[in-house]
file coords-v8.txt (compact mmCIF, C-alpha atoms)
# COMPACT_ATOMS: atom_id res chain seq x y z
CA MET V 1 89.90 -84.78 37.05
CA LYS V 2 90.56 -88.48 36.93
CA TYR V 3 88.36 -90.78 34.87
CA GLN V 4 86.49 -93.24 37.08
CA ALA V 5 85.04 -96.30 35.35
CA SER V 6 81.63 -97.29 36.74
CA LEU V 7 78.30 -98.73 35.63
CA PRO V 8 74.97 -96.94 36.14
CA GLU V 9 72.73 -98.36 38.86
CA HIS V 10 69.50 -98.06 36.85
CA ASN V 11 68.78 -98.34 33.17
CA ASP V 12 66.97 -95.09 32.48
CA ASN V 13 66.91 -95.64 28.74
CA VAL V 14 64.03 -98.10 28.82
CA THR V 15 60.58 -97.02 30.00
CA PRO V 16 59.66 -99.18 32.99
CA GLY V 17 56.47 -101.30 32.90
CA HIS V 18 55.34 -104.55 31.38
CA PRO V 19 55.35 -104.44 27.56
CA LEU V 20 52.11 -106.46 27.36
CA LYS V 21 50.17 -103.93 29.42
CA ASP V 22 50.94 -101.20 26.92
CA PHE V 23 50.06 -103.44 24.00
CA VAL V 24 46.75 -104.67 25.40
CA LEU V 25 45.63 -101.21 26.52
CA ILE V 26 46.25 -99.60 23.13
CA LEU V 27 44.77 -102.54 21.23
CA ALA V 28 41.61 -102.60 23.33
CA GLY V 29 41.18 -98.84 23.15
CA LEU V 30 41.69 -98.62 19.41
CA SER V 31 39.49 -101.66 18.73
CA ALA V 32 36.70 -100.06 20.72
CA ALA V 33 37.20 -96.81 18.80
CA VAL V 34 37.15 -98.64 15.46
CA LEU V 35 34.00 -100.54 16.43
CA VAL V 36 32.21 -97.38 17.56
CA GLY V 37 33.41 -95.42 14.53
CA TYR V 38 32.31 -98.16 12.19
CA LEU V 39 28.89 -98.41 13.81
CA VAL V 40 28.37 -94.65 13.68
CA LEU V 41 29.57 -94.26 10.08
CA GLY V 42 27.61 -97.35 9.07
CA TRP V 43 24.52 -95.86 10.64
CA LEU V 44 25.16 -92.64 8.68
CA VAL V 45 25.42 -94.68 5.46
CA ASP V 46 22.05 -96.25 6.31
CA VAL V 47 20.51 -92.83 6.92
CA VAL V 48 21.81 -91.53 3.59
CA VAL V 49 20.67 -94.64 1.68
CA ASP V 50 17.22 -94.52 3.28
CA ARG V 51 16.71 -90.85 2.43
CA MET V 52 18.07 -91.05 -1.08
CA GLY V 53 15.58 -90.34 -3.87
CA PRO V 54 14.98 -92.91 -6.63
CA GLN V 55 16.92 -90.82 -9.18
CA THR V 56 20.03 -90.66 -6.99
CA GLU V 57 19.71 -94.37 -6.39
CA ALA V 58 19.55 -95.05 -10.12
CA ARG V 59 22.58 -92.82 -10.79
CA LEU V 60 24.63 -94.42 -8.02
CA THR V 61 23.61 -97.90 -9.11
CA GLN V 62 24.69 -97.06 -12.64
CA LEU V 63 28.14 -96.19 -11.31
CA VAL V 64 28.66 -99.67 -9.91
CA ALA V 65 26.44 -101.55 -12.35
CA TRP V 66 27.69 -104.77 -13.81
CA THR V 67 26.69 -106.23 -17.17
CA PRO V 68 26.39 -109.98 -16.90
CA PRO V 69 27.81 -112.15 -19.69
CA ALA V 70 25.31 -114.15 -21.73
CA GLY V 71 24.17 -117.31 -20.00
CA GLU V 72 25.04 -120.86 -21.01
CA PRO V 73 22.70 -122.29 -23.69
CA ALA V 74 22.00 -125.35 -21.52
CA MET V 75 20.68 -123.08 -18.80
CA ARG V 76 18.33 -121.10 -21.09
CA THR V 77 15.09 -122.86 -20.09
CA ARG V 78 15.81 -122.47 -16.38
CA GLU V 79 16.82 -118.86 -16.95
CA ALA V 80 13.59 -118.07 -18.81
CA TRP V 81 11.51 -119.78 -16.14
CA ALA V 82 13.28 -117.97 -13.27
CA GLN V 83 13.06 -114.68 -15.21
CA ALA V 84 9.29 -115.09 -15.52
CA LEU V 85 9.06 -115.91 -11.81
CA VAL V 86 11.05 -112.79 -10.88
CA ASP V 87 9.06 -110.58 -13.25
CA GLY V 88 5.87 -111.85 -11.65
CA MET V 89 7.10 -110.83 -8.20
CA ARG V 90 8.61 -107.43 -9.08
CA THR V 91 5.46 -105.45 -8.40
CA CYS V 92 4.99 -107.24 -5.06
CA ALA V 93 8.61 -106.49 -4.16
CA GLY V 94 8.31 -102.83 -5.12
CA VAL V 95 11.21 -103.04 -7.58
CA SER V 96 10.45 -100.81 -10.55
CA ALA V 97 13.77 -101.17 -12.39
CA PRO V 98 14.18 -104.14 -14.76
CA VAL V 99 15.80 -107.25 -13.30
CA THR V 100 17.93 -109.69 -15.28
CA VAL V 101 18.20 -113.31 -14.15
CA ARG V 102 21.26 -115.40 -15.02
CA VAL V 103 21.64 -119.08 -14.17
CA HIS V 104 25.23 -120.02 -13.47
CA ARG V 105 26.40 -123.65 -13.39
CA SER V 106 27.64 -124.41 -9.87
CA ASP V 107 27.45 -127.11 -7.18
CA THR V 108 26.81 -124.58 -4.41
CA PRO V 109 23.08 -123.96 -4.00
CA ASN V 110 23.06 -120.20 -3.74
CA ALA V 111 21.70 -117.04 -5.31
CA MET V 112 23.04 -113.52 -5.23
CA VAL V 113 22.27 -110.06 -6.48
CA ALA V 114 24.75 -107.87 -8.35
CA PRO V 115 24.54 -104.07 -8.71
CA GLY V 116 22.51 -103.03 -11.74
CA GLY V 117 19.56 -105.35 -11.15
CA VAL V 118 21.22 -108.72 -11.86
CA VAL V 119 20.14 -111.81 -9.97
CA ILE V 120 22.52 -114.75 -10.32
CA VAL V 121 21.11 -118.18 -9.55
CA MET V 122 23.41 -121.16 -9.10
CA SER V 123 22.15 -124.15 -11.08
CA SER V 124 22.20 -126.57 -8.13
CA LEU V 125 19.62 -124.38 -6.40
CA PHE V 126 17.07 -126.00 -8.71
CA ASP V 127 17.84 -129.37 -7.02
CA SER V 128 17.72 -127.96 -3.50
CA VAL V 129 14.12 -126.74 -3.62
CA GLN V 130 11.09 -128.96 -4.16
CA SER V 131 8.53 -126.48 -5.45
CA GLU V 132 8.08 -123.27 -7.40
CA ASN V 133 7.22 -121.57 -4.10
CA GLY V 134 10.57 -122.64 -2.60
CA MET V 135 12.43 -121.08 -5.53
CA ALA V 136 10.17 -118.03 -5.41
CA PHE V 137 11.16 -117.43 -1.80
CA VAL V 138 14.87 -117.46 -2.69
CA LEU V 139 14.31 -115.08 -5.61
CA ALA V 140 12.06 -112.89 -3.46
CA HIS V 141 14.85 -112.74 -0.89
CA GLU V 142 17.21 -111.41 -3.57
CA LEU V 143 14.55 -108.95 -4.78
CA SER V 144 14.22 -107.74 -1.18
CA HIS V 145 17.93 -106.96 -1.09
CA MET V 146 17.37 -104.87 -4.21
CA ALA V 147 14.29 -103.14 -2.81
CA ASN V 148 16.11 -102.49 0.50
CA ARG V 149 19.07 -101.00 -1.44
CA ASP V 150 21.39 -103.39 0.35
CA HIS V 151 24.01 -103.19 -2.41
CA LEU V 152 24.29 -99.43 -1.85
CA ARG V 153 24.58 -99.99 1.90
CA ALA V 154 27.37 -102.52 1.36
CA PHE V 155 29.05 -100.18 -1.12
CA GLY V 156 28.86 -97.25 1.32
CA ARG V 157 30.23 -99.31 4.17
CA ARG V 158 33.12 -100.60 2.09
CA LEU V 159 33.91 -97.03 1.08
CA VAL V 160 33.90 -95.93 4.72
CA LEU V 161 36.16 -98.84 5.62
CA ILE V 162 38.75 -98.19 2.91
CA ALA V 163 38.78 -94.47 3.66
CA ALA V 164 39.21 -95.12 7.39
CA ALA V 165 42.00 -97.67 6.88
CA THR V 166 43.89 -95.32 4.57
CA LEU V 167 43.43 -92.39 6.93
CA LEU V 168 44.54 -94.40 9.92
CA THR V 169 47.74 -95.81 8.42
CA GLY V 170 48.51 -93.32 5.68
CA ASP V 171 49.46 -95.99 3.18
CA GLY V 172 47.02 -98.84 3.69
CA SER V 173 49.79 -100.96 5.22
CA GLY V 174 49.30 -103.90 7.54
CA THR V 175 48.66 -101.84 10.65
CA ALA V 176 44.93 -101.66 9.93
CA GLY V 177 44.84 -105.46 9.90
CA VAL V 178 45.49 -105.61 13.64
CA LEU V 179 42.19 -103.84 14.13
CA ALA V 180 40.28 -105.80 11.48
CA PRO V 181 38.61 -108.21 13.95
CA ALA V 182 36.76 -105.35 15.62
CA GLN V 183 35.46 -104.16 12.27
CA HIS V 184 34.49 -107.69 11.22
CA LEU V 185 32.51 -108.17 14.42
CA GLY V 186 30.57 -105.01 13.67
CA GLU V 187 29.97 -105.97 10.06
CA SER V 188 28.86 -109.59 10.51
CA GLY V 189 26.21 -108.56 13.04
CA TYR V 190 24.94 -105.91 10.63
CA SER V 191 24.96 -108.29 7.67
CA ARG V 192 22.99 -110.92 9.59
CA GLY V 193 20.45 -108.24 10.40
CA ARG V 194 20.09 -107.34 6.69
CA GLU V 195 19.64 -111.01 5.77
CA ALA V 196 16.95 -111.46 8.38
CA ALA V 197 15.21 -108.33 7.08
CA ALA V 198 15.37 -109.69 3.52
CA ASP V 199 13.85 -113.01 4.72
CA ALA V 200 10.96 -111.12 6.31
CA THR V 201 10.32 -109.03 3.19
CA ALA V 202 10.52 -112.16 1.03
CA LEU V 203 7.68 -113.69 3.08
CA ALA V 204 5.51 -110.67 2.36
CA ILE V 205 6.33 -110.98 -1.36
CA LEU V 206 5.36 -114.70 -1.33
CA GLN V 207 2.09 -113.81 0.38
CA CYS V 208 1.42 -111.11 -2.21
CA ARG V 209 2.24 -113.37 -5.18
CA TYR V 210 0.69 -116.71 -4.10
CA GLY V 211 -1.72 -115.71 -1.36
CA HIS V 212 0.19 -117.85 1.16
CA ALA V 213 3.78 -118.20 2.38
CA GLY V 214 4.23 -121.96 1.94
CA GLY V 215 7.60 -123.33 0.77
CA ALA V 216 9.56 -120.51 2.37
CA THR V 217 11.83 -122.76 4.38
CA GLU V 218 12.47 -125.39 1.69
CA LEU V 219 16.01 -124.32 0.80
CA PHE V 220 17.05 -123.75 4.41
CA GLU V 221 15.78 -127.20 5.36
CA THR V 222 17.74 -128.84 2.53
CA LEU V 223 20.90 -126.94 3.50
CA GLN V 224 20.44 -127.81 7.15
CA ARG V 225 20.15 -131.51 6.28
CA GLU V 226 23.28 -131.32 4.13
CA GLU V 227 25.46 -129.31 6.47
CA GLY V 228 24.45 -130.68 9.83
CA GLU V 229 24.92 -128.41 12.77
CA THR V 230 28.08 -126.30 13.06
CA PRO V 231 29.43 -124.88 16.34
CA ALA V 232 27.71 -121.83 17.76
CA LEU V 233 30.79 -119.58 17.67
CA VAL V 234 31.13 -119.89 13.90
CA HIS V 235 27.55 -118.71 13.47
CA TYR V 236 28.13 -115.75 15.69
CA LEU V 237 30.88 -114.59 13.36
CA ALA V 238 29.16 -115.52 10.09
CA SER V 239 27.55 -113.01 7.76
CA HIS V 240 24.34 -115.05 7.41
CA PRO V 241 22.24 -116.40 10.29
CA SER V 242 22.51 -120.16 10.90
CA MET V 243 20.05 -122.38 9.04
CA GLY V 244 18.25 -123.50 12.18
CA ALA V 245 17.89 -119.91 13.34
CA ARG V 246 16.70 -118.81 9.90
CA ILE V 247 14.03 -121.51 9.70
CA GLU V 248 12.92 -120.62 13.20
CA ALA V 249 12.86 -116.89 12.38
CA VAL V 250 10.90 -117.43 9.15
CA ARG V 251 8.34 -119.58 10.98
CA ALA V 252 8.06 -117.05 13.79
CA ALA V 253 7.56 -114.22 11.28
CA MET V 254 4.85 -116.27 9.54
CA ARG V 255 3.05 -116.87 12.85
CA GLN V 256 3.34 -113.23 13.81
CA ALA V 257 1.97 -111.94 10.50
CA GLY V 258 -0.70 -114.63 10.47
CA LEU V 259 0.64 -116.11 7.21
CA LYS V 260 -0.41 -119.65 6.34
CA ALA V 261 1.19 -122.28 4.16
CA GLY V 262 -1.03 -123.27 1.20
CA THR V 263 -0.80 -125.60 -1.78
CA LEU V 264 2.64 -125.56 -3.40
CA GLN V 265 3.14 -125.16 -7.15
CA PRO V 266 5.28 -127.97 -8.56
CA LEU V 267 8.71 -127.21 -9.92
CA PRO V 268 8.88 -127.85 -13.67
CA ARG V 269 11.30 -130.55 -14.84
CA PHE V 270 14.39 -129.14 -16.56
CA MET W 1 35.50 -118.56 9.75
CA ASP W 2 37.47 -115.93 7.88
CA LEU W 3 37.76 -113.95 11.07
CA LEU W 4 39.24 -116.89 12.96
CA PHE W 5 41.90 -117.22 10.26
CA LEU W 6 42.51 -113.50 10.42
CA ILE W 7 42.90 -113.56 14.19
CA ALA W 8 45.26 -116.54 13.95
CA PHE W 9 47.17 -114.84 11.15
CA TRP W 10 47.81 -111.87 13.42
CA SER W 11 48.06 -113.40 16.84
CA VAL W 12 50.30 -116.42 16.23
CA PRO W 13 53.37 -114.45 15.02
CA ILE W 14 52.76 -111.87 17.73
CA ALA W 15 52.50 -114.52 20.45
CA LEU W 16 55.61 -116.32 19.13
CA GLY W 17 57.45 -113.00 18.97
CA TYR W 18 56.41 -112.18 22.50
CA ILE W 19 57.42 -115.53 24.02
CA PHE W 20 60.72 -115.99 22.21
CA GLY W 21 61.52 -112.29 22.09
CA ARG W 22 61.11 -111.97 25.86
CA MET W 23 63.26 -115.04 26.46
CA ALA W 24 65.99 -113.79 24.12
CA GLU W 25 65.88 -110.32 25.63
CA ALA W 26 66.20 -111.57 29.21
CA LYS W 27 69.11 -113.82 28.23
CA HIS W 28 70.79 -111.01 26.31
CA TYR W 29 70.49 -108.59 29.22
CA ARG W 30 72.05 -111.15 31.59
CA SER W 31 74.96 -111.56 29.19
CA ILE W 32 75.35 -107.79 28.71
CA ILE W 33 75.43 -107.10 32.45
CA THR W 34 78.11 -109.74 33.19
CA ARG W 35 80.29 -108.69 30.26
CA GLU W 36 79.98 -104.99 31.06
CA LYS W 37 81.29 -105.70 34.55
CA ALA W 38 84.13 -107.79 33.18
CA LEU W 39 85.17 -105.10 30.69
CA LEU W 40 84.79 -102.16 33.07
CA GLY W 41 88.62 -101.79 33.20
CA LEU W 42 88.75 -100.80 29.53
CA PRO W 43 87.37 -97.26 29.22
CA ALA W 44 85.61 -96.33 26.00
CA THR W 45 84.99 -92.60 25.71
CA SER W 46 83.85 -90.16 23.09
CA LEU W 47 86.82 -87.87 23.93
CA LYS W 48 89.26 -86.71 21.28
CA THR W 49 92.03 -86.61 23.84
CA LEU W 50 93.52 -89.48 25.82
CA LEU W 51 92.70 -90.24 29.42
CA GLY W 52 96.22 -91.49 30.12
CA SER W 53 99.44 -89.51 29.77
CA ALA W 54 101.91 -92.30 28.92
CA PRO W 55 103.50 -92.47 25.47
CA VAL W 56 101.34 -94.31 22.96
CA ALA W 57 102.85 -97.47 21.47
CA ARG W 58 100.19 -97.86 18.75
CA SER W 59 96.63 -97.03 17.94
CA GLU W 60 94.11 -98.67 15.63
CA LEU W 61 90.58 -98.25 14.31
CA VAL W 62 88.31 -100.76 15.96
CA THR W 63 84.66 -101.56 15.25
CA GLY W 64 81.95 -103.56 16.90
CA SER W 65 78.63 -104.13 15.23
CA VAL W 66 75.48 -106.04 16.04
CA VAL W 67 72.28 -106.83 14.17
CA VAL W 68 69.16 -107.50 16.23
CA ALA W 69 65.94 -108.74 14.64
CA VAL W 70 62.65 -107.05 15.46
CA ASP W 71 60.11 -109.68 16.47
CA HIS W 72 56.46 -109.43 15.49
CA PHE W 73 55.37 -108.48 18.96
CA LYS W 74 57.68 -105.47 18.97
CA LYS W 75 56.52 -104.56 15.47
CA ALA W 76 52.85 -104.80 16.43
CA ALA W 77 53.40 -102.85 19.64
CA SER W 78 55.20 -100.10 17.72
CA ALA W 79 52.52 -100.08 14.99
CA LEU W 80 49.88 -99.54 17.67
CA ARG W 81 52.06 -96.90 19.31
CA SER W 82 52.43 -95.09 16.01
CA LEU W 83 48.67 -94.59 15.95
CA VAL W 84 48.48 -92.98 19.39
CA GLY W 85 52.00 -91.64 19.95
CA GLY W 86 54.16 -91.91 23.05
CA PRO W 87 57.35 -93.79 23.92
CA VAL W 88 57.81 -97.04 22.01
CA GLN W 89 58.86 -99.15 24.93
CA SER W 90 59.36 -102.27 22.85
CA TYR W 91 61.93 -100.55 20.64
CA GLU W 92 63.63 -98.80 23.54
CA SER W 93 64.81 -102.06 25.05
CA LEU W 94 65.79 -103.35 21.59
CA LEU W 95 68.00 -100.36 20.83
CA ASP W 96 69.38 -100.23 24.36
CA ARG W 97 70.52 -103.84 24.00
CA ALA W 98 71.92 -103.24 20.53
CA LYS W 99 73.95 -100.19 21.56
CA ARG W 100 75.38 -101.84 24.64
CA GLU W 101 76.17 -105.02 22.73
CA ALA W 102 77.94 -103.02 19.99
CA VAL W 103 80.14 -101.27 22.58
CA LEU W 104 80.88 -104.62 24.23
CA ARG W 105 81.92 -106.11 20.90
CA LEU W 106 84.02 -103.02 20.25
CA LYS W 107 85.85 -103.61 23.52
CA GLU W 108 86.17 -107.34 22.89
CA SER W 109 87.70 -106.64 19.47
CA CYS W 110 90.86 -105.15 20.98
CA PRO W 111 92.09 -107.30 23.87
CA GLY W 112 95.15 -105.72 25.41
CA ALA W 113 94.17 -102.14 24.57
CA HIS W 114 94.29 -99.61 27.39
CA GLU W 115 91.50 -97.36 26.28
CA ILE W 116 89.27 -96.56 23.33
CA VAL W 117 88.75 -92.91 22.42
CA ASN W 118 86.59 -91.09 19.93
CA VAL W 119 83.87 -93.73 20.16
CA ARG W 120 80.88 -93.14 17.85
CA LEU W 121 77.67 -95.08 17.42
CA GLU W 122 75.76 -95.45 14.18
CA THR W 123 72.28 -96.97 14.01
CA MET W 124 70.58 -98.11 10.86
CA PRO W 125 67.35 -99.97 10.29
CA LEU W 126 67.31 -103.03 8.06
CA THR W 127 64.22 -102.65 5.92
CA GLY W 128 62.51 -105.28 3.87
CA ASN W 129 59.48 -105.23 1.64
CA GLN W 130 56.99 -102.40 2.01
CA ARG W 131 59.45 -100.38 4.09
CA GLN W 132 58.92 -102.72 7.01
CA ILE W 133 61.71 -102.72 9.57
CA ASN W 134 63.04 -106.24 10.05
CA GLY W 135 65.95 -105.46 12.29
CA VAL W 136 68.41 -102.87 13.39
CA GLU W 137 72.17 -102.66 13.06
CA VAL W 138 74.24 -100.70 15.54
CA LEU W 139 77.87 -100.03 14.67
CA ALA W 140 80.31 -98.75 17.29
CA TYR W 141 83.70 -97.52 16.14
CA GLY W 142 86.60 -95.77 17.79
CA THR W 143 90.36 -95.63 18.18
CA ALA W 144 91.96 -98.22 20.43
CA ILE W 145 95.01 -96.91 22.23
CA TYR W 146 97.89 -99.16 23.37
CA TYR W 147 100.36 -97.45 25.72
CA MET W 148 103.97 -98.43 26.15
CA GLU W 149 103.67 -101.52 28.37
CA SER W 150 106.34 -100.70 30.98
CA ILE W 151 104.83 -97.41 32.06
CA ALA W 152 101.22 -98.04 31.18
CA ALA W 153 100.18 -99.65 34.44
CA PRO W 154 97.95 -97.19 36.34

call {"tool": "encode", "arguments": {"input": "coords-v8.txt", "output": "C-alpha cells"}}
result
Amino acid sequence: MKYQASLPEHNDNVTPGHPLKDFVLILAGLSAAVLVGYLVLGWLVDVVVDRMGPQTEARLTQLVAWTPPAGEPAMRTREAWAQALVDGMRTCAGVSAPVTVRVHRSDTPNAMVAPGGVVIVMSSLFDSVQSENGMAFVLAHELSHMANRDHLRAFGRRLVLIAAATLLTGDGSGTAGVLAPAQHLGESGYSRGREAAADATALAILQCRYGHAGGATELFETLQREEGETPALVHYLASHPSMGARIEAVRAAMRQAGLKAGTLQPLPRF
Amino acid sequence: MDLLFLIAFWSVPIALGYIFGRMAEAKHYRSIITREKALLGLPATSLKTLLGSAPVARSELVTGSVVVAVDHFKKAASALRSLVGGPVQSYESLLDRAKREAVLRLKESCPGAHEIVNVRLETMPLTGNQRQINGVEVLAYGTAIYYMESIAAP
C-alpha cells in the first residue's frame, strides 16, 4: 500500500462550540448553586444559633473569646463612663454575661463587639454624638448584636464558607475565588438585615433605659453630613445599610412602635 | 466596594486572556493551516520502517518543540470545568495547536529530508507557584531520512 499524504477535512480534536458559552453557562450555574447553598446553610446556622441553650452559647463563646489589652490611661475616664452606660443598659438588652468596654484611640467614629463580651469604642465616636442618648444608642446597638448572638452567626457562616471552599476545590486554591461574588452578594444582604435588626433592638433598649428614644439618629446624621451621599450600587453591596436609609428606618421604627423623642442627657466633657 | 475590586481582580485578566488569546489562536491556526499545506510533501510517520525503498544517504535525529502560554480565560474555563467535569474545550484547542506546531517545526528543522520516521510527541506542563499550569510544552522528535538524491525522486 502506498503512503498518500493528505490533510484531514475537519479538526475532530477540538470540541465545536463557542468557548464563552461553556464558560458563562458553568459560571452562572455554579454561582446560583453557591448562592442557594450559602443561603440554605446560613439559614441552618441561624436555626442552630436560635435554638442553642445559654450554656452552649457560653461554651462556644468561650472558644472564640478574646481578652482585650488594657486600655490607654488617657482614655480611662471615657472608658469608665461608657462602662457605666453599658452596665445600666444590660438588663434592658437582656445580656446577662458581663460586658467589658474598651476605648480605642482612632479617627474613625465606630464601635464594634468582639466575642467574649467586649465592646470596643473608637475615641472619635465621642465627638460624633452630641448627647449621652446618642452614645447610648450606639452602645445599645452593640449590646443588641450580643443579645442576638450575631457573633456566633458570623462565626458559623464563616465556618460554612471555609468548609465549602475547601470541599469544592480540595486545596483552597483560587478556584473558589471565581465564585466569591455570589457568596458576597448573599452575605452583604444578610449582614444588612442583622444591622437593621440591631438598630430596632437598640431603640427598644433606649426606650427601656430613658423612657424615650431620642438621640437615636445622632451618629448617623453626623456620618451622613461627613460622607455625603455615595452611589446607590455601593450601598447595595455594602455590609451596613446606607446612612440615609438607616436614619429613615430608625424613624419609621420609632413611629411604628409609638416611641417619642424626649429630653436628651448632655454628654460629659472629657 | 471590596466586591467590586474582587470582580475586577477576576474579570480583567480573564477578559484580557479571552480577547488576546482568541486573537492569537485565530492567527496561529491560520499560520498552521498554510504551513501544513506547504509541508504536505514531507511525510512524518510513527513507523519504524521507511516508506521509500531507495538507499538511505543519511539519517539524523530531529526535534521540534513549542511552548504555548495558557491565558487566564483558558485557566478559568478549565477551573470551572474541573468542578463539573466534561471536555475542557479551552485546553483542547491549545494542545491541538501545540502538537501541530511542534510537528511543523520538526519538519521545518530538516529542509531537504525526504521523510521523517519514528515520530513521537511528548507533552509537559510548565507549572509555576501553587501547582498552577502556566503553559505547555510539546516536543516532537523523530528520525529524518535523506535518500540518495539521484534515485530518490518519486

call {"tool": "interface_residues", "arguments": {"input": "coords-v8.txt", "of": "chain W", "to": "chain V", "cutoff": "10 Å", "atoms": "all atoms listed in the file", "output": "PyMOL selection string"}}
result
chain W and resi 1-4+6-7+9-11+18+22+33+36-37+39-45+51-52+73-84+87-97+130-132

call {"tool": "residues_near_point", "arguments": {"input": "coords-v8.txt", "point": "(25.3, -117.9, -10.8)", "cutoff": "6 Å", "atoms": "only C-alpha atoms", "output": "list in words"}}
result
Val103, His104, Ile120, Val121 and Met122 of chain V

call {"tool": "residues_around", "arguments": {"input": "coords-v8.txt", "residues": "Phe20 (chain W)", "least_positions_apart": "5", "cutoff": "10 Å", "atoms": "all atoms listed in the file", "output": "MDAnalysis selection string"}}
result
chainID W and resid 15 25:26 71 73

call {"tool": "residues_near_point", "arguments": {"input": "coords-v8.txt", "point": "(20.6, -108.5, 6.0)", "cutoff": "12 Å", "atoms": "all atoms listed in the file", "output": "PyMOL selection string"}}
result
chain V and resi 141-142+144-146+148-151+153-154+187-202+238-241+246

call {"tool": "closest_residue", "arguments": {"input": "coords-v8.txt", "among": "V:Leu203, V:Val99, V:Met243, V:Leu161", "to": "Arg255 (chain V)", "atoms": "all atoms listed in the file"}}
result
V:Leu203

call {"tool": "axis_aligned_box", "arguments": {"input": "coords-v8.txt", "around": "region 117-131 of chain W", "padding_each_side": "4 Å", "output": "AutoDock Vina command-line options"}}
result
--center_x 72.9 --center_y -98.2 --center_z 12.0 --size_x 39.8 --size_y 22.2 --size_z 28.8

call {"tool": "residues_around", "arguments": {"input": "coords-v8.txt", "residues": "Arg157 (chain V)", "least_positions_apart": "5", "cutoff": "10 Å", "atoms": "only C-alpha atoms", "output": "ChimeraX atom specification"}}
result
/V:38-39,41-46,151-152,162-163,187

call {"tool": "residues_around", "arguments": {"input": "coords-v8.txt", "residues": "Ala93 (chain V)", "least_positions_apart": "5", "cutoff": "7 Å", "atoms": "only C-alpha atoms", "output": "list in words"}}
result
Leu143, Ser144, Ala147 and Ile205 of chain V

call {"tool": "closest_residue", "arguments": {"input": "coords-v8.txt", "among": "W:Ser65, W:Ser53, W:Ser59, W:Thr127", "to": "Arg100 (chain W)", "atoms": "all atoms listed in the file"}}
result
W:Ser65

call {"tool": "residues_around", "arguments": {"input": "coords-v8.txt", "residues": "Val64 (chain V)", "least_positions_apart": "5", "cutoff": "12 Å", "atoms": "only C-alpha atoms", "output": "PyMOL selection string"}}
result
chain V and resi 57-59+114-118+151-152+154-156

call {"tool": "residues_around", "arguments": {"input": "coords-v8.txt", "residues": "Thr91 (chain V)", "least_positions_apart": "4", "cutoff": "12 Å", "atoms": "all atoms listed in the file", "output": "PyMOL selection string"}}
result
chain V and resi 85-87+95-99+140+143-144+147+204-206+208-209

call {"tool": "closest_residue", "arguments": {"input": "coords-v8.txt", "among": "W:Lys99, W:Lys27, W:His114, W:Arg35", "to": "Ala57 (chain W)", "atoms": "all atoms listed in the file"}}
result
W:His114

call {"tool": "atom_distance", "arguments": {"input": "coords-v8.txt", "atom1": "CA of Pro54 (chain V)", "atom2": "CA of Gln83 (chain V)"}}
result
23.5 Å

call {"tool": "atom_distance", "arguments": {"input": "coords-v8.txt", "atom1": "CA of Ala253 (chain V)", "atom2": "CA of Val101 (chain V)"}}
result
27.6 Å

call {"tool": "atom_distance", "arguments": {"input": "coords-v8.txt", "atom1": "CA of Leu126 (chain W)", "atom2": "CA of Leu139 (chain W)"}}
result
12.8 Å

call {"tool": "decode", "arguments": {"input": "coords-v8.txt", "residues": "region 76-115 of chain V", "atoms": "C-alpha atoms", "output": "PDB file, in the first residue's frame"}}
result
ATOM      1  CA  ARG V  76      -9.737  55.813  81.317  1.00  0.00           C
ATOM      2  CA  THR V  77     -12.409  58.418  82.129  1.00  0.00           C
ATOM      3  CA  ARG V  78     -14.258  57.808  78.860  1.00  0.00           C
ATOM      4  CA  GLU V  79     -13.942  54.066  79.377  1.00  0.00           C
ATOM      5  CA  ALA V  80     -15.387  54.246  82.899  1.00  0.00           C
ATOM      6  CA  TRP V  81     -18.232  56.465  81.719  1.00  0.00           C
ATOM      7  CA  ALA V  82     -19.089  54.197  78.756  1.00  0.00           C
ATOM      8  CA  GLN V  83     -18.772  51.127  81.010  1.00  0.00           C
ATOM      9  CA  ALA V  84     -21.325  52.601  83.421  1.00  0.00           C
ATOM     10  CA  LEU V  85     -23.616  53.421  80.497  1.00  0.00           C
ATOM     11  CA  VAL V  86     -23.384  49.853  79.164  1.00  0.00           C
ATOM     12  CA  ASP V  87     -23.900  48.330  82.604  1.00  0.00           C
ATOM     13  CA  GLY V  88     -27.014  50.454  83.008  1.00  0.00           C
ATOM     14  CA  MET V  89     -28.455  49.091  79.762  1.00  0.00           C
ATOM     15  CA  ARG V  90     -27.523  45.414  80.180  1.00  0.00           C
ATOM     16  CA  THR V  91     -30.755  44.413  81.883  1.00  0.00           C
ATOM     17  CA  CYS V  92     -32.784  46.233  79.219  1.00  0.00           C
ATOM     18  CA  ALA V  93     -30.780  44.470  76.498  1.00  0.00           C
ATOM     19  CA  GLY V  94     -31.214  41.062  78.108  1.00  0.00           C
ATOM     20  CA  VAL V  95     -27.464  40.451  78.277  1.00  0.00           C
ATOM     21  CA  SER V  96     -26.681  38.557  81.467  1.00  0.00           C
ATOM     22  CA  ALA V  97     -22.967  37.959  80.875  1.00  0.00           C
ATOM     23  CA  PRO V  98     -20.533  40.706  81.940  1.00  0.00           C
ATOM     24  CA  VAL V  99     -19.534  43.209  79.263  1.00  0.00           C
ATOM     25  CA  THR V 100     -16.158  44.951  79.101  1.00  0.00           C
ATOM     26  CA  VAL V 101     -15.863  48.326  77.386  1.00  0.00           C
ATOM     27  CA  ARG V 102     -12.559  49.462  75.872  1.00  0.00           C
ATOM     28  CA  VAL V 103     -11.993  52.866  74.299  1.00  0.00           C
ATOM     29  CA  HIS V 104      -9.519  52.734  71.454  1.00  0.00           C
ATOM     30  CA  ARG V 105      -7.893  55.868  70.027  1.00  0.00           C
ATOM     31  CA  SER V 106      -8.973  56.210  66.384  1.00  0.00           C
ATOM     32  CA  ASP V 107     -10.190  58.828  63.894  1.00  0.00           C
ATOM     33  CA  THR V 108     -12.950  56.574  62.576  1.00  0.00           C
ATOM     34  CA  PRO V 109     -16.143  57.048  64.575  1.00  0.00           C
ATOM     35  CA  ASN V 110     -17.156  53.452  65.077  1.00  0.00           C
ATOM     36  CA  ALA V 111     -17.894  50.824  67.695  1.00  0.00           C
ATOM     37  CA  MET V 112     -17.714  47.065  67.485  1.00  0.00           C
ATOM     38  CA  VAL V 113     -18.280  43.986  69.559  1.00  0.00           C
ATOM     39  CA  ALA V 114     -15.735  41.188  69.957  1.00  0.00           C
ATOM     40  CA  PRO V 115     -16.507  37.613  71.071  1.00  0.00           C
TER      41      PRO V 115
END
